[in-house]
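Peer 1: Contents of model_25.pdb (PDB, C-alpha atoms, pLDDT in the B column) are given next:
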```pdb
ATOM      1  CA  MET A   1     142.711  91.237 144.324  1.00 69.00           C
ATOM      2  CA  ASP A   2     139.975  93.874 144.034  1.00 90.00           C
ATOM      3  CA  ALA A   3     139.314  92.931 140.402  1.00 90.00           C
ATOM      4  CA  LEU A   4     138.928  89.283 141.366  1.00 92.00           C
ATOM      5  CA  ALA A   5     136.570  90.155 144.222  1.00 92.00           C
ATOM      6  CA  GLU A   6     134.456  92.313 141.885  1.00 93.00           C
ATOM      7  CA  ALA A   7     134.308  89.536 139.300  1.00 94.00           C
ATOM      8  CA  VAL A   8     133.209  87.014 141.928  1.00 95.00           C
ATOM      9  CA  GLU A   9     130.571  89.437 143.221  1.00 95.00           C
ATOM     10  CA  GLY A  10     129.281  89.918 139.665  1.00 94.00           C
ATOM     11  CA  VAL A  11     128.998  86.166 139.158  1.00 96.00           C
ATOM     12  CA  ILE A  12     127.154  85.781 142.463  1.00 96.00           C
ATOM     13  CA  GLN A  13     124.673  88.506 141.493  1.00 96.00           C
ATOM     14  CA  ARG A  14     124.032  86.860 138.131  1.00 96.00           C
ATOM     15  CA  LEU A  15     123.511  83.471 139.792  1.00 96.00           C
ATOM     16  CA  ASP A  16     121.004  85.035 142.201  1.00 96.00           C
ATOM     17  CA  GLN A  17     119.113  86.511 139.237  1.00 95.00           C
ATOM     18  CA  ILE A  18     119.130  83.132 137.461  1.00 95.00           C
ATOM     19  CA  GLU A  19     117.739  81.423 140.583  1.00 95.00           C
ATOM     20  CA  ARG A  20     114.908  83.980 140.870  1.00 93.00           C
ATOM     21  CA  THR A  21     114.064  83.584 137.196  1.00 91.00           C
ATOM     22  CA  LEU A  22     114.033  79.787 137.448  1.00 91.00           C
ATOM     23  CA  ALA A  23     111.792  79.908 140.509  1.00 87.00           C
ATOM     24  CA  MET A  24     109.369  82.173 138.633  1.00 82.00           C
ATOM     25  CA  LEU A  25     109.340  79.855 135.596  1.00 81.00           C
ATOM     26  CA  VAL A  26     108.716  76.789 137.748  1.00 79.00           C
ATOM     27  CA  GLU A  27     105.804  78.570 139.444  1.00 74.00           C
ATOM     28  CA  GLN A  28     104.309  79.512 136.069  1.00 69.00           C
ATOM     29  CA  ARG A  29     104.583  75.968 134.724  1.00 71.00           C
ATOM     30  CA  ARG A  30     103.097  74.264 137.776  1.00 74.00           C
ATOM     31  CA  VAL A  31      99.976  72.467 136.564  1.00 80.00           C
ATOM     32  CA  GLN A  32      96.904  72.394 138.764  1.00 86.00           C
ATOM     33  CA  ASP A  33      93.576  70.688 138.177  1.00 89.00           C
ATOM     34  CA  TRP A  34      91.677  73.887 139.044  1.00 93.00           C
ATOM     35  CA  TYR A  35      92.694  77.539 139.269  1.00 94.00           C
ATOM     36  CA  SER A  36      91.227  80.410 141.251  1.00 94.00           C
ATOM     37  CA  THR A  37      90.444  83.601 139.368  1.00 96.00           C
ATOM     38  CA  GLY A  38      93.573  85.136 140.923  1.00 95.00           C
ATOM     39  CA  ASP A  39      95.819  82.304 139.748  1.00 93.00           C
ATOM     40  CA  PHE A  40      94.266  82.332 136.276  1.00 95.00           C
ATOM     41  CA  ALA A  41      94.665  86.125 136.045  1.00 96.00           C
ATOM     42  CA  ARG A  42      98.330  85.939 137.052  1.00 92.00           C
ATOM     43  CA  ILE A  43      99.056  83.252 134.451  1.00 91.00           C
ATOM     44  CA  VAL A  44      97.339  85.061 131.565  1.00 94.00           C
ATOM     45  CA  GLY A  45      98.475  88.534 132.586  1.00 94.00           C
ATOM     46  CA  ARG A  46      95.074  90.065 133.328  1.00 97.00           C
ATOM     47  CA  ALA A  47      93.420  91.569 136.394  1.00 98.00           C
ATOM     48  CA  GLU A  48      91.493  89.227 138.685  1.00 97.00           C
ATOM     49  CA  PHE A  49      88.387  91.412 138.287  1.00 97.00           C
ATOM     50  CA  THR A  50      88.566  90.911 134.503  1.00 97.00           C
ATOM     51  CA  VAL A  51      88.726  87.128 134.896  1.00 98.00           C
ATOM     52  CA  ARG A  52      85.751  87.168 137.286  1.00 96.00           C
ATOM     53  CA  GLU A  53      83.790  89.179 134.705  1.00 97.00           C
ATOM     54  CA  TRP A  54      84.734  86.661 131.983  1.00 97.00           C
ATOM     55  CA  CYS A  55      83.377  83.894 134.225  1.00 97.00           C
ATOM     56  CA  ARG A  56      80.201  85.804 134.987  1.00 95.00           C
ATOM     57  CA  HIS A  57      79.568  86.589 131.316  1.00 95.00           C
ATOM     58  CA  ARG A  58      80.460  83.030 130.237  1.00 95.00           C
ATOM     59  CA  ARG A  59      83.426  84.146 128.150  1.00 96.00           C
ATOM     60  CA  ILE A  60      85.436  81.275 129.699  1.00 97.00           C
ATOM     61  CA  PHE A  61      84.155  77.988 131.093  1.00 96.00           C
ATOM     62  CA  ALA A  62      84.128  78.190 134.889  1.00 96.00           C
ATOM     63  CA  GLU A  63      82.262  76.686 137.807  1.00 95.00           C
ATOM     64  CA  LYS A  64      81.336  77.977 141.226  1.00 92.00           C
ATOM     65  CA  ARG A  65      82.791  76.301 144.298  1.00 86.00           C
ATOM     66  CA  ASP A  66      81.700  76.692 147.876  1.00 78.00           C
ATOM     67  CA  ALA A  67      83.916  79.232 149.564  1.00 69.00           C
ATOM     68  CA  GLY A  68      82.519  78.884 153.055  1.00 62.00           C
ATOM     69  CA  ARG A  69      81.459  82.521 153.152  1.00 68.00           C
ATOM     70  CA  GLY A  70      78.359  84.208 151.850  1.00 67.00           C
ATOM     71  CA  GLU A  71      75.795  82.809 149.448  1.00 75.00           C
ATOM     72  CA  CYS A  72      77.954  82.974 146.346  1.00 79.00           C
ATOM     73  CA  GLY A  73      80.885  80.672 145.893  1.00 85.00           C
ATOM     74  CA  GLU A  74      84.163  81.467 144.208  1.00 92.00           C
ATOM     75  CA  TRP A  75      84.819  80.741 140.559  1.00 95.00           C
ATOM     76  CA  LYS A  76      87.147  77.876 139.677  1.00 96.00           C
ATOM     77  CA  ILE A  77      88.631  77.342 136.226  1.00 97.00           C
ATOM     78  CA  SER A  78      89.940  73.994 134.987  1.00 96.00           C
ATOM     79  CA  HIS A  79      93.396  73.451 133.554  1.00 93.00           C
ATOM     80  CA  ALA A  80      91.764  72.329 130.296  1.00 94.00           C
ATOM     81  CA  GLU A  81      90.026  75.731 130.092  1.00 96.00           C
ATOM     82  CA  LEU A  82      93.319  77.518 130.714  1.00 94.00           C
ATOM     83  CA  VAL A  83      94.883  75.628 127.808  1.00 93.00           C
ATOM     84  CA  ARG A  84      91.824  76.316 125.627  1.00 96.00           C
ATOM     85  CA  TYR A  85      91.959  80.031 126.451  1.00 96.00           C
ATOM     86  CA  GLN A  86      95.692  80.208 125.707  1.00 94.00           C
ATOM     87  CA  SER A  87      95.124  78.530 122.336  1.00 95.00           C
ATOM     88  CA  HIS A  88      91.845  80.117 121.212  1.00 96.00           C
ATOM     89  CA  GLY A  89      91.082  83.116 123.428  1.00 95.00           C
ATOM     90  CA  LEU A  90      87.727  84.092 124.873  1.00 96.00           C
ATOM     91  CA  LEU A  91      84.503  82.373 123.956  1.00 95.00           C
ATOM     92  CA  PRO A  92      82.114  84.457 121.857  1.00 92.00           C
ATOM     93  CA  ASP A  93      79.852  86.747 123.808  1.00 89.00           C
ATOM     94  CA  PRO A  94      76.580  84.760 124.234  1.00 85.00           C
ATOM     95  CA  LYS A  95      74.571  88.011 124.105  1.00 83.00           C
ATOM     96  CA  LEU A  96      75.764  88.903 120.612  1.00 80.00           C
ATOM     97  CA  PRO A  97      74.000  87.367 117.600  1.00 79.00           C
ATOM     98  CA  ILE A  98      76.040  84.907 115.552  1.00 71.00           C
ATOM     99  CA  SER A  99      76.585  86.283 112.062  1.00 64.00           C
TER     100      SER A  99
END
```
Here is the file; what I need is its structure written in the form of structure tokens.

Peer 2:
Amino acid sequence: MDALAEAVEGVIQRLDQIERTLAMLVEQRRVQDWYSTGDFARIVGRAEFTVREWCRHRRIFAEKRDAGRGECGEWKISHAELVRYQSHGLLPDPKLPIS
């Protein structure tokens, strides 16, 4: 009976792992119209600070939205820009001369 109980426990642990993995995949594939810098960073595997710098330096297309605090709004990034970034990467640095 102990072997059967251990086998059942092993199956339950694997099912729990599968459920966690599926939940993570569903969260990653959820499409939004606009993403915060934190959401964008999580999806592309970068730090939020890095994504904010990309926005500030125009390395990705982003817009400011009113955040209700301070003078500066928060950056928002469209889903179309996320797809563009995943396909083509960062935009060229506008400060560098085109060769």

Peer 1: Where does the PyMOL selection byres ((chain A and resi 76) around 8) land in this file, that is, which residues does it pick, as a PyMOL selection string?

Peer 2: chain A and resi 34-37+62-65+74-75+77-78

Peer 1: Looking at A:Leu91, A:Gln86, A:Asp2, A:Arg56, which one is nearest to Ile43 of chain A, with distances taken over all atoms listed in the file?

Peer 2: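 Of A:Leu91, A:Gln86, A:Asp2, A:Arg56, the one nearest Ile43 of chain A, counting all atoms listed in the file, is A:Gln86.
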
Peer 1: As a ChimeraX atom specification, please: the residues near Tyr85 of chain A (cut-off 10 Å, only C-alpha atoms, same-chain neighbours under 3 positions excluded).

Peer 2: /A:44,59-61,79-82,88-91

Peer 1: Just add N, CA and C atoms to segment 11-40 of chain A and send it as a PDB file, in the frame of the given file.

Peer 2:
```pdb
ATOM      1  N   VAL A  11     129.476  87.525 139.434  1.00 96.00           N
ATOM      2  CA  VAL A  11     128.998  86.166 139.158  1.00 96.00           C
ATOM      3  C   VAL A  11     127.924  85.770 140.170  1.00 96.00           C
ATOM      4  N   ILE A  12     128.138  86.106 141.425  1.00 96.00           N
ATOM      5  CA  ILE A  12     127.154  85.781 142.463  1.00 96.00           C
ATOM      6  C   ILE A  12     125.838  86.503 142.196  1.00 96.00           C
ATOM      7  N   GLN A  13     125.896  87.764 141.801  1.00 96.00           N
ATOM      8  CA  GLN A  13     124.673  88.506 141.493  1.00 96.00           C
ATOM      9  C   GLN A  13     123.934  87.895 140.308  1.00 96.00           C
ATOM     10  N   ARG A  14     124.675  87.489 139.285  1.00 96.00           N
ATOM     11  CA  ARG A  14     124.032  86.860 138.131  1.00 96.00           C
ATOM     12  C   ARG A  14     123.406  85.525 138.511  1.00 96.00           C
ATOM     13  N   LEU A  15     124.083  84.748 139.349  1.00 96.00           N
ATOM     14  CA  LEU A  15     123.511  83.471 139.792  1.00 96.00           C
ATOM     15  C   LEU A  15     122.234  83.693 140.602  1.00 96.00           C
ATOM     16  N   ASP A  16     122.219  84.717 141.448  1.00 96.00           N
ATOM     17  CA  ASP A  16     121.004  85.035 142.201  1.00 96.00           C
ATOM     18  C   ASP A  16     119.852  85.371 141.254  1.00 96.00           C
ATOM     19  N   GLN A  17     120.137  86.153 140.221  1.00 95.00           N
ATOM     20  CA  GLN A  17     119.113  86.511 139.237  1.00 95.00           C
ATOM     21  C   GLN A  17     118.604  85.270 138.506  1.00 95.00           C
ATOM     22  N   ILE A  18     119.510  84.376 138.143  1.00 95.00           N
ATOM     23  CA  ILE A  18     119.130  83.132 137.461  1.00 95.00           C
ATOM     24  C   ILE A  18     118.226  82.294 138.361  1.00 95.00           C
ATOM     25  N   GLU A  19     118.563  82.193 139.649  1.00 95.00           N
ATOM     26  CA  GLU A  19     117.739  81.423 140.583  1.00 95.00           C
ATOM     27  C   GLU A  19     116.335  82.017 140.697  1.00 95.00           C
ATOM     28  N   ARG A  20     116.227  83.345 140.785  1.00 93.00           N
ATOM     29  CA  ARG A  20     114.908  83.980 140.870  1.00 93.00           C
ATOM     30  C   ARG A  20     114.097  83.726 139.607  1.00 93.00           C
ATOM     31  N   THR A  21     114.760  83.816 138.466  1.00 91.00           N
ATOM     32  CA  THR A  21     114.064  83.584 137.196  1.00 91.00           C
ATOM     33  C   THR A  21     113.583  82.143 137.093  1.00 91.00           C
ATOM     34  N   LEU A  22     114.430  81.196 137.476  1.00 91.00           N
ATOM     35  CA  LEU A  22     114.033  79.787 137.448  1.00 91.00           C
ATOM     36  C   LEU A  22     112.861  79.512 138.388  1.00 91.00           C
ATOM     37  N   ALA A  23     112.892  80.098 139.564  1.00 87.00           N
ATOM     38  CA  ALA A  23     111.792  79.908 140.509  1.00 87.00           C
ATOM     39  C   ALA A  23     110.489  80.449 139.924  1.00 87.00           C
ATOM     40  N   MET A  24     110.559  81.591 139.252  1.00 82.00           N
ATOM     41  CA  MET A  24     109.369  82.173 138.633  1.00 82.00           C
ATOM     42  C   MET A  24     108.856  81.268 137.514  1.00 82.00           C
ATOM     43  N   LEU A  25     109.747  80.736 136.691  1.00 81.00           N
ATOM     44  CA  LEU A  25     109.340  79.855 135.596  1.00 81.00           C
ATOM     45  C   LEU A  25     108.711  78.567 136.116  1.00 81.00           C
ATOM     46  N   VAL A  26     109.276  78.004 137.151  1.00 79.00           N
ATOM     47  CA  VAL A  26     108.716  76.789 137.748  1.00 79.00           C
ATOM     48  C   VAL A  26     107.315  77.071 138.266  1.00 79.00           C
ATOM     49  N   GLU A  27     107.121  78.210 138.916  1.00 74.00           N
ATOM     50  CA  GLU A  27     105.804  78.570 139.444  1.00 74.00           C
ATOM     51  C   GLU A  27     104.793  78.732 138.308  1.00 74.00           C
ATOM     52  N   GLN A  28     105.211  79.322 137.198  1.00 69.00           N
ATOM     53  CA  GLN A  28     104.309  79.512 136.069  1.00 69.00           C
ATOM     54  C   GLN A  28     103.929  78.191 135.417  1.00 69.00           C
ATOM     55  N   ARG A  29     104.813  77.238 135.411  1.00 71.00           N
ATOM     56  CA  ARG A  29     104.583  75.968 134.724  1.00 71.00           C
ATOM     57  C   ARG A  29     103.944  74.908 135.605  1.00 71.00           C
ATOM     58  N   ARG A  30     103.718  75.225 136.874  1.00 74.00           N
ATOM     59  CA  ARG A  30     103.097  74.264 137.776  1.00 74.00           C
ATOM     60  C   ARG A  30     101.656  74.040 137.334  1.00 74.00           C
ATOM     61  N   VAL A  31     101.312  72.799 137.068  1.00 80.00           N
ATOM     62  CA  VAL A  31      99.976  72.467 136.564  1.00 80.00           C
ATOM     63  C   VAL A  31      99.080  72.103 137.739  1.00 80.00           C
ATOM     64  N   GLN A  32      97.907  72.713 137.759  1.00 86.00           N
ATOM     65  CA  GLN A  32      96.904  72.394 138.764  1.00 86.00           C
ATOM     66  C   GLN A  32      95.668  71.877 138.041  1.00 86.00           C
ATOM     67  N   ASP A  33      94.841  71.128 138.757  1.00 89.00           N
ATOM     68  CA  ASP A  33      93.576  70.688 138.177  1.00 89.00           C
ATOM     69  C   ASP A  33      92.623  71.869 138.022  1.00 89.00           C
ATOM     70  N   TRP A  34      92.582  72.731 139.031  1.00 93.00           N
ATOM     71  CA  TRP A  34      91.677  73.887 139.044  1.00 93.00           C
ATOM     72  C   TRP A  34      92.452  75.120 139.479  1.00 93.00           C
ATOM     73  N   TYR A  35      92.057  76.275 138.941  1.00 94.00           N
ATOM     74  CA  TYR A  35      92.694  77.539 139.269  1.00 94.00           C
ATOM     75  C   TYR A  35      91.658  78.506 139.831  1.00 94.00           C
ATOM     76  N   SER A  36      92.072  79.309 140.788  1.00 94.00           N
ATOM     77  CA  SER A  36      91.227  80.410 141.251  1.00 94.00           C
ATOM     78  C   SER A  36      91.287  81.516 140.201  1.00 94.00           C
ATOM     79  N   THR A  37      90.406  82.489 140.317  1.00 96.00           N
ATOM     80  CA  THR A  37      90.444  83.601 139.368  1.00 96.00           C
ATOM     81  C   THR A  37      91.759  84.378 139.508  1.00 96.00           C
ATOM     82  N   GLY A  38      92.295  84.453 140.714  1.00 95.00           N
ATOM     83  CA  GLY A  38      93.573  85.136 140.923  1.00 95.00           C
ATOM     84  C   GLY A  38      94.731  84.420 140.252  1.00 95.00           C
ATOM     85  N   ASP A  39      94.763  83.089 140.394  1.00 93.00           N
ATOM     86  CA  ASP A  39      95.819  82.304 139.748  1.00 93.00           C
ATOM     87  C   ASP A  39      95.711  82.399 138.230  1.00 93.00           C
ATOM     88  N   PHE A  40      94.499  82.254 137.716  1.00 95.00           N
ATOM     89  CA  PHE A  40      94.266  82.332 136.276  1.00 95.00           C
ATOM     90  C   PHE A  40      94.699  83.699 135.747  1.00 95.00           C
TER      91      PHE A  40
END
```
